[in-house]
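Quick notes on the structure that follows.
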Number of protein chains: 2
Amino acid sequence: MTSKQTIDTLIHAEWIIPVEPANQVLQQHSVAIKGGLIIDILPAEEARQSYLAEKVIELPGQILIPGLINTHGHAAMSLMRGLADDLPLMEWLTEHIWPAEQKLVGDDFVAVGTELAIAEMLRSGTTCFSDMYFYPDVAARVAHQHKIRAHISVPVLEFPSAWANNADEYIKKGLEVSDQYRNHPLIQVGFGPHAPYTVSDESLSRIRILANELDATIQIHLHETAQEVSDALAESGKRPLQRLADLDLLSPRLQCVHMTQVDDTDLALLSEYGCHVLHCPESNLKLASGISPVSKLLEAGVNVALGTDGAASNNDLNLLGEMRTAALLAKAQSGNATAVPAHQALRMATINGAKALGIDRVTGSLECGKAADIVAVDLNDLGLQPLHNPASQLVYTDCSRQVSHVWVNGELLLDDHQLTSFDLHTLSNKVKAWRDKIANCDKHTT
Amino acid sequence: MTSKQTIDTLIHAEWIIPVEPANQVLQQHSVAIKGGLIIDILPAEEARQSYLAEKVIELPGQILIPGLINTHGHAAMSLMRGLADDLPLMEWLTEHIWPAEQKLVGDDFVAVGTELAIAEMLRSGTTCFSDMYFYPDVAARVAHQHKIRAHISVPVLEFPSAWANNADEYIKKGLEVSDQYRNHPLIQVGFGPHAPYTVSDESLSRIRILANELDATIQIHLHETAQEVSDALAESGKRPLQRLADLDLLSPRLQCVHMTQVDDTDLALLSEYGCHVLHCPESNLKLASGISPVSKLLEAGVNVALGTDGAASNNDLNLLGEMRTAALLAKAQSGNATAVPAHQALRMATINGAKALGIDRVTGSLECGKAADIVAVDLNDLGLQPLHNPASQLVYTDCSRQVSHVWVNGELLLDDHQLTSFDLHTLSNKVKAWRDKIANCDKHTT
């Protein structure tokens, strides 16, 4: 008899979509995990012969996919979920969200809101989230506690907040957070200049220089609405993307969030400089911001990834649902039912996200040598039957609650639908307490 | 002490949105049910004093809403869920759906597919579904077995199918189904001329006369795509809606499915004649058919209700999700974040559906004297916290799997997430058997 190799975890699944290579669906295959890494993907029969695993997980009727990557959000804003819906963007921001933030945002608000968001994201298959909010040090700390992969974009604005008084202080504090997590296996820190209309040329240039020195990413809300673009044109004669180009900010480091407004010049710039577009379709719909021309961007070779945005404008952090919305919307927007087919939508939610965040060597697909960031979805549910096409079922049916297991870096964080690292009772009480504080504050401001 | 009135069921809920009156959210109220009817809605404290119920249900943290009404679908097509996605409409129909239907559709196909659809719809809060498919007698039989409310539109085409050879036979057999269910408490039968391009003027005129005689509804796929309208214009110089107007078919009996193409003349006709629009946003997106101008229709006083369409073009029958998509899409389509707010979206999924199907005296809202068609949604889930606004949470978060209880006509059909009238094991095996037959058939035709 041949001696078996000892490993940590062996997962036997009915189907596996590794994402790389593209459009592949493996049947009756297994994933072998050791030291947090995927060391093998092979037919189940061979796997049973070759490996002796500390933990063996059998998943009949279930599918394994790479962990989903939520490339844009404001985790702590989960505490303001549904606080002031169905309002125009500016009324929503100036009369509800900003006043509440000015009064309430601090360490505990961000800690509780981020923990709530991480719980929701893990349960719906997200293994890596990108965050842009005040107190990024707190968001990073909570992500570290719960062992989820995180990309923290330190916010930079010219305006004061409870966290910092001006752009210099945001940047200074951001650099401290960046130093603190320099060698962290799961947490990566970049810059998050809020938007062209809230950050000066000077600050943007400083961020460019620092990002190059630190080999860090830059995430910015860009061309979110037609108004933003027309205001910029009226003020400066330049579209915001052109202004960033003139400031030499366009590069594969740049993550452009939203981009509902894309003309031919924009398209050429994005593709020439390898900038990434972080598409948040549900937030764009809900705030009536517009619809990003995703098919056009993809055809031009632009890397498009997905984000939920904050739960105050979505109102959930379900990236499986976002993937579905993105696929459906792209077809209507392009007038072509073949646009963004199921496998491509899944790529947007996984490997494209990893590319956008600059971590595609580590995650984004199920390949040997990559981190074991893996999600299992149970397709046995009657609402997902009959099963003619696993990829299609995953993207086009309502299956977020079918996520059964989630691994990040080989750690099992969701075990048969149960979060392994949360005290949900305590969290729920903290969330309820914040609910009351926020409601009172909103009542008095409006 | 005062003597209490004896009733069948008393439900104590944290919140109730009765839909009528509009925009109302009751807190700590109860619903009293007797003989299948809602006989009282009152504060929980009073309810406990006034009623002695055979069954008392406590729903802390849960919300009661009227049962959802899915006004357009093809239930049996659930068996073709995900069969051939990401294809243009005509290739999808002619190379996959129609060949499969021609070979396989019959009594058992429709029975199993409809049972599968009813199970999925009940679990996600639908208490009444409208169906248009071959073997409407079978769909009605299965709906009767499972005690769900159903509106059956008998299909009429000039083309043969396994069920009938020509329009005359479709109509003749349809009249038999109509007779059979004339006095049924839950099932109502109307006419379903498939579309303007598949039904002749003669047949449409006959249907108009019969519908008037029988006081029956007429449901038709109309202005689904720009192509349909331009083809009609090229052929006859008339838009399809105008042709129906000339045939004297426009009236409150008429249910226009899709209507992604609406010009000012269409808008005037729809509103003048009180025709209903059955909006199926997810199917319209998936097939790249277009986006119905819902806000414009509502502003013009047109009654707009919601449908999922069949699971082969959606791919689920989750009307809560459809409500969310409709609300989000209306904002982007009208460029107005205040368009179709949460309460209005809920009306589209309930009372507007009842109006469209001509049963709003019986159902569509929680009011004394109406049938007890009621849905409970559990808002305790962490993914729905914090709870600032119940209506908003219901519409904008992912809560289809939070539907805990469903009553139709006072009968409890979903009890704490469990279907009460299904043998799911047997159903699942039948569905799997059909999956294999359909896959083989599709393999040989493509």
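So you can find residues: chains in the structure tokens are A, B, ... in the order shown, residues in each start at 1, and ligands are numbered from 1 in order.
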Please report as CSV every residue of region 246-353 of chain A lying within 12 Å of region 303-315 of chain B, along with the nearest atom pair and their distance in Å (one decimal), using only C-alpha atoms.
residue,atom,partner,partner_atom,distance
A:Arg324,CA,B:Asn315,CA,10.2
A:Thr325,CA,B:Asn314,CA,11.4
A:Ala327,CA,B:Asn314,CA,11.6
A:Leu328,CA,B:Asn314,CA,9.2
A:Ala337,CA,B:Ser313,CA,10.8
Dump as a PDB file, in the first residue's frame, selection limited to N, CA, C and O atoms:
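New file out-v3.pdb:
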ATOM      1  N   ARG A 324     -25.779  38.519  -8.798  1.00  0.00           N
ATOM      2  CA  ARG A 324     -26.986  38.281  -9.595  1.00  0.00           C
ATOM      3  C   ARG A 324     -27.476  39.599 -10.208  1.00  0.00           C
ATOM      4  O   ARG A 324     -27.747  39.684 -11.412  1.00  0.00           O
ATOM      5  N   THR A 325     -27.541  40.644  -9.370  1.00  0.00           N
ATOM      6  CA  THR A 325     -27.988  41.946  -9.867  1.00  0.00           C
ATOM      7  C   THR A 325     -27.075  42.439 -10.984  1.00  0.00           C
ATOM      8  O   THR A 325     -27.541  42.940 -12.009  1.00  0.00           O
ATOM      9  N   ALA A 327     -25.226  40.684 -13.056  1.00  0.00           N
ATOM     10  CA  ALA A 327     -25.417  39.896 -14.285  1.00  0.00           C
ATOM     11  C   ALA A 327     -26.711  40.304 -14.986  1.00  0.00           C
ATOM     12  O   ALA A 327     -26.723  40.524 -16.201  1.00  0.00           O
ATOM     13  N   LEU A 328     -27.796  40.434 -14.225  1.00  0.00           N
ATOM     14  CA  LEU A 328     -29.091  40.796 -14.825  1.00  0.00           C
ATOM     15  C   LEU A 328     -29.050  42.200 -15.417  1.00  0.00           C
ATOM     16  O   LEU A 328     -29.481  42.439 -16.546  1.00  0.00           O
ATOM     17  N   ALA A 337     -28.771  39.674 -24.050  1.00  0.00           N
ATOM     18  CA  ALA A 337     -29.014  38.638 -23.027  1.00  0.00           C
ATOM     19  C   ALA A 337     -27.789  37.762 -22.777  1.00  0.00           C
ATOM     20  O   ALA A 337     -27.724  37.037 -21.783  1.00  0.00           O
TER      21      ALA A 337
END
Neighbours of Glu95 (chain B) within 10 Å (only C-alpha atoms; same-chain residues fewer than 3 positions away dropped), as a list in words?
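Using only C-alpha atoms, the neighbours found are Ala84, Met90, Glu91, Trp92, Trp98, Pro99, Ala100, Asp442, Thr445 and Thr446 of chain B.
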Residues of chain B within 8 Å of chain A, using only C-alpha atoms, as an MDAnalysis selection string?
chainID B and resid 78:83 85:89 116 120 282 284:291 314:316 318 327:329 331:342 382:389 392:393 396:398 401 428 431:432 435 439
> Can you tell me, as number ranges by chain, what residues are no more than 7 Å from region 238-240 of chain A when counting only C-alpha atoms, ignoring any on the same chain fewer than 4 positions away?
Replying inline: A: 196, 229, 232-233, 244
Would you put the residues from that selection into a file with C-alpha atoms, as a PDB file, in the first residue's frame?
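Output below, filename out_29.pdb:
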ATOM      1  CA  PRO A 196     -12.590  64.152  -6.217  1.00  0.00           C
ATOM      2  CA  VAL A 229     -19.202  64.915 -13.544  1.00  0.00           C
ATOM      3  CA  ALA A 232     -16.578  69.157 -12.132  1.00  0.00           C
ATOM      4  CA  LEU A 233     -16.821  70.202 -15.779  1.00  0.00           C
ATOM      5  CA  LEU A 244      -6.813  62.268 -11.725  1.00  0.00           C
TER       6      LEU A 244
END
- Pick out the residues sitting within 6 Å of region 41-55 of chain B, and hand them over as a list in words; count only C-alpha atoms, and ignore anything fewer than 6 positions along from it in its own chain.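 The filter keeps Lys4, Gln5, Thr6, Ile7, Asp8, Thr9, Leu10, Gln28, His29, Ser30 and Val31 of chain B.
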Please, could you write that set of residues out with all heavy atoms as a compact mmCIF listing (two decimals), in the first residue's frame?
# COMPACT_ATOMS: atom_id res chain seq x y z
N LYS B 4 -65.13 35.77 26.58
CA LYS B 4 -64.32 35.94 25.38
C LYS B 4 -64.97 35.27 24.18
O LYS B 4 -65.62 34.24 24.32
CB LYS B 4 -62.93 35.32 25.60
CG LYS B 4 -62.13 36.02 26.70
CD LYS B 4 -60.75 35.38 26.82
CE LYS B 4 -59.88 36.15 27.80
NZ LYS B 4 -58.52 35.57 27.90
N GLN B 5 -64.76 35.86 22.99
CA GLN B 5 -65.29 35.26 21.76
C GLN B 5 -64.36 34.14 21.29
O GLN B 5 -63.14 34.29 21.30
CB GLN B 5 -65.43 36.33 20.67
CG GLN B 5 -66.05 35.79 19.38
CD GLN B 5 -66.12 36.85 18.28
OE1 GLN B 5 -65.90 38.04 18.54
NE2 GLN B 5 -66.40 36.41 17.08
N THR B 6 -64.94 33.02 20.92
CA THR B 6 -64.15 31.88 20.47
C THR B 6 -63.83 32.03 18.98
O THR B 6 -64.72 32.31 18.17
CB THR B 6 -64.93 30.56 20.67
OG1 THR B 6 -65.38 30.51 22.02
CG2 THR B 6 -64.05 29.37 20.36
N ILE B 7 -62.54 31.88 18.65
CA ILE B 7 -62.11 31.99 17.25
C ILE B 7 -61.14 30.85 16.91
O ILE B 7 -60.78 30.07 17.79
CB ILE B 7 -61.41 33.34 16.97
CG1 ILE B 7 -60.20 33.51 17.91
CG2 ILE B 7 -62.38 34.50 17.14
CD1 ILE B 7 -59.35 34.72 17.59
N ASP B 8 -60.73 30.79 15.65
CA ASP B 8 -59.84 29.70 15.22
C ASP B 8 -58.38 30.00 15.55
O ASP B 8 -57.69 29.20 16.14
CB ASP B 8 -59.97 29.48 13.70
CG ASP B 8 -61.39 29.16 13.30
OD1 ASP B 8 -62.13 28.59 14.13
OD2 ASP B 8 -61.80 29.53 12.18
N THR B 9 -57.91 31.18 15.13
CA THR B 9 -56.50 31.52 15.28
C THR B 9 -56.33 32.96 15.73
O THR B 9 -57.05 33.85 15.28
CB THR B 9 -55.77 31.34 13.92
OG1 THR B 9 -56.00 30.02 13.43
CG2 THR B 9 -54.26 31.53 14.07
N LEU B 10 -55.37 33.16 16.63
CA LEU B 10 -55.03 34.51 17.07
C LEU B 10 -53.51 34.65 16.93
O LEU B 10 -52.76 33.86 17.50
CB LEU B 10 -55.46 34.72 18.52
CG LEU B 10 -55.31 36.14 19.09
CD1 LEU B 10 -56.11 37.15 18.28
CD2 LEU B 10 -55.76 36.17 20.56
N GLN B 28 -47.14 45.79 18.05
CA GLN B 28 -47.78 45.00 19.12
C GLN B 28 -49.28 44.87 18.88
O GLN B 28 -50.09 45.16 19.75
CB GLN B 28 -47.51 45.65 20.49
CG GLN B 28 -46.05 45.73 20.86
CD GLN B 28 -45.40 44.34 20.93
OE1 GLN B 28 -46.09 43.33 21.12
NE2 GLN B 28 -44.08 44.26 20.78
N HIS B 29 -49.63 44.43 17.69
CA HIS B 29 -51.03 44.18 17.35
C HIS B 29 -51.24 42.69 17.07
O HIS B 29 -50.27 41.93 16.96
CB HIS B 29 -51.45 45.01 16.15
CG HIS B 29 -51.94 46.37 16.49
ND1 HIS B 29 -51.17 47.26 17.23
CD2 HIS B 29 -53.12 47.01 16.23
CE1 HIS B 29 -51.84 48.39 17.38
NE2 HIS B 29 -53.04 48.26 16.79
N SER B 30 -52.51 42.33 16.94
CA SER B 30 -52.85 40.94 16.71
C SER B 30 -53.90 40.83 15.61
O SER B 30 -54.65 41.77 15.38
CB SER B 30 -53.42 40.31 18.00
OG SER B 30 -52.53 40.57 19.08
N VAL B 31 -53.92 39.66 14.97
CA VAL B 31 -54.93 39.38 13.95
C VAL B 31 -55.77 38.20 14.42
O VAL B 31 -55.23 37.17 14.81
CB VAL B 31 -54.28 39.04 12.59
CG1 VAL B 31 -55.34 38.66 11.57
CG2 VAL B 31 -53.45 40.21 12.09
Near Met132 (chain B), counting only C-alpha atoms, which residues have an atom at most 9 Å away, once you skip same-chain residues fewer than 2 positions from it, shown as a PDB file with C-alpha atoms, in the first residue's frame?
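The resulting file, result_4.pdb, is shown below:
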ATOM      1  CA  HIS B  72     -47.530  36.278 -13.819  1.00  0.00           C
ATOM      2  CA  GLY B  73     -45.704  33.016 -14.241  1.00  0.00           C
ATOM      3  CA  HIS B  74     -45.487  29.620 -15.858  1.00  0.00           C
ATOM      4  CA  ALA B  75     -45.243  27.375 -12.807  1.00  0.00           C
ATOM      5  CA  SER B 130     -51.357  33.524 -11.540  1.00  0.00           C
ATOM      6  CA  PHE B 134     -50.413  24.216 -21.103  1.00  0.00           C
ATOM      7  CA  PRO B 136     -54.194  24.557 -17.017  1.00  0.00           C
ATOM      8  CA  HIS B 151     -55.591  32.501 -10.918  1.00  0.00           C
ATOM      9  CA  ILE B 152     -55.392  30.292 -14.000  1.00  0.00           C
ATOM     10  CA  SER B 153     -55.152  31.947 -17.413  1.00  0.00           C
ATOM     11  CA  VAL B 154     -56.032  29.336 -20.002  1.00  0.00           C
ATOM     12  CA  PRO B 155     -53.461  29.584 -22.816  1.00  0.00           C
ATOM     13  CA  PHE B 191     -58.202  33.580 -20.581  1.00  0.00           C
ATOM     14  CA  GLY B 192     -54.524  33.748 -21.541  1.00  0.00           C
ATOM     15  CA  HIS B 194     -50.354  34.135 -25.406  1.00  0.00           C
ATOM     16  CA  GLN B 219     -53.914  38.037 -19.505  1.00  0.00           C
TER      17      GLN B 219
END
Practice item. Can you work out the spacing between CA of Arg149 (chain A) and CA of Trp407 (chain A) in Å, to one decimal? Key: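 Atom-to-atom, CA of Arg149 (chain A) and CA of Trp407 (chain A) are spaced 10.5 Å apart.
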Exercise. Tell me, in Å to one decimal, how far CA of Asp107 (chain A) is from CA of Gly358 (chain A).
Key: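 Taking CA of Asp107 (chain A) as the start and CA of Gly358 (chain A) as the end point, the length is 28.2 Å.
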Could you name the residues that touch Gln188 (chain B) at 8 Å or less, counting only C-alpha atoms, but leaving out those on the same chain fewer than 3 positions away, as a PDB file with N, CA and C atoms, in the first residue's frame?
ATOM      1  N   ALA B 150     -55.172  30.524  -6.508  1.00  0.00           N
ATOM      2  CA  ALA B 150     -54.604  30.520  -7.859  1.00  0.00           C
ATOM      3  C   ALA B 150     -55.528  31.194  -8.867  1.00  0.00           C
ATOM      4  N   HIS B 151     -54.891  31.853  -9.811  1.00  0.00           N
ATOM      5  CA  HIS B 151     -55.591  32.501 -10.918  1.00  0.00           C
ATOM      6  C   HIS B 151     -55.028  31.844 -12.181  1.00  0.00           C
ATOM      7  N   ILE B 152     -55.862  31.068 -12.848  1.00  0.00           N
ATOM      8  CA  ILE B 152     -55.392  30.292 -14.000  1.00  0.00           C
ATOM      9  C   ILE B 152     -55.813  30.970 -15.294  1.00  0.00           C
ATOM     10  N   SER B 178     -62.906  26.286 -16.863  1.00  0.00           N
ATOM     11  CA  SER B 178     -63.623  27.383 -16.236  1.00  0.00           C
ATOM     12  C   SER B 178     -64.896  26.882 -15.550  1.00  0.00           C
ATOM     13  N   TYR B 181     -64.286  24.931 -12.207  1.00  0.00           N
ATOM     14  CA  TYR B 181     -63.891  25.677 -10.998  1.00  0.00           C
ATOM     15  C   TYR B 181     -64.785  26.891 -10.729  1.00  0.00           C
ATOM     16  N   ARG B 182     -65.953  26.934 -11.381  1.00  0.00           N
ATOM     17  CA  ARG B 182     -66.793  28.133 -11.306  1.00  0.00           C
ATOM     18  C   ARG B 182     -67.002  28.605  -9.871  1.00  0.00           C
ATOM     19  N   HIS B 184     -65.306  27.583  -7.081  1.00  0.00           N
ATOM     20  CA  HIS B 184     -64.211  27.220  -6.181  1.00  0.00           C
ATOM     21  C   HIS B 184     -63.808  28.437  -5.338  1.00  0.00           C
TER      22      HIS B 184
END
Quick one: residues within 10 Å of His144 (chain B), only C-alpha atoms counted, chain neighbours fewer than 2 positions away excluded, as an MDAnalysis selection string? chainID B and resid 138:142 146:150 181 184:187
Enter the distance from CA of Met77 (chain B) to CA of Asn165 (chain B), in Å, rounded to one decimal.
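Taking CA of Met77 (chain B) as the start and CA of Asn165 (chain B) as the end point, the length is 20.6 Å.
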Would you mind writing down, as a PyMOL selection string, each residue of region 188-360 of chain B that DSSP on the backbone assigns to strand (DSSP E)?
chain B and resi 188-193+218-222+254-258+276-279+303-306
All alpha helix (DSSP H) residues (DSSP, backbone) inside region 1-150 of chain A, as a ChimeraX atom specification: /A:44-50,89-92,98-104,107-123,136-146
Taking into account only C-alpha atoms, which residue in the set B:Leu379, B:Leu320, B:Val362, B:Leu254 is nearest to Ile38 (chain B)?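 Of B:Leu379, B:Leu320, B:Val362, B:Leu254, the one nearest Ile38 (chain B) is B:Val362, counting only C-alpha atoms.
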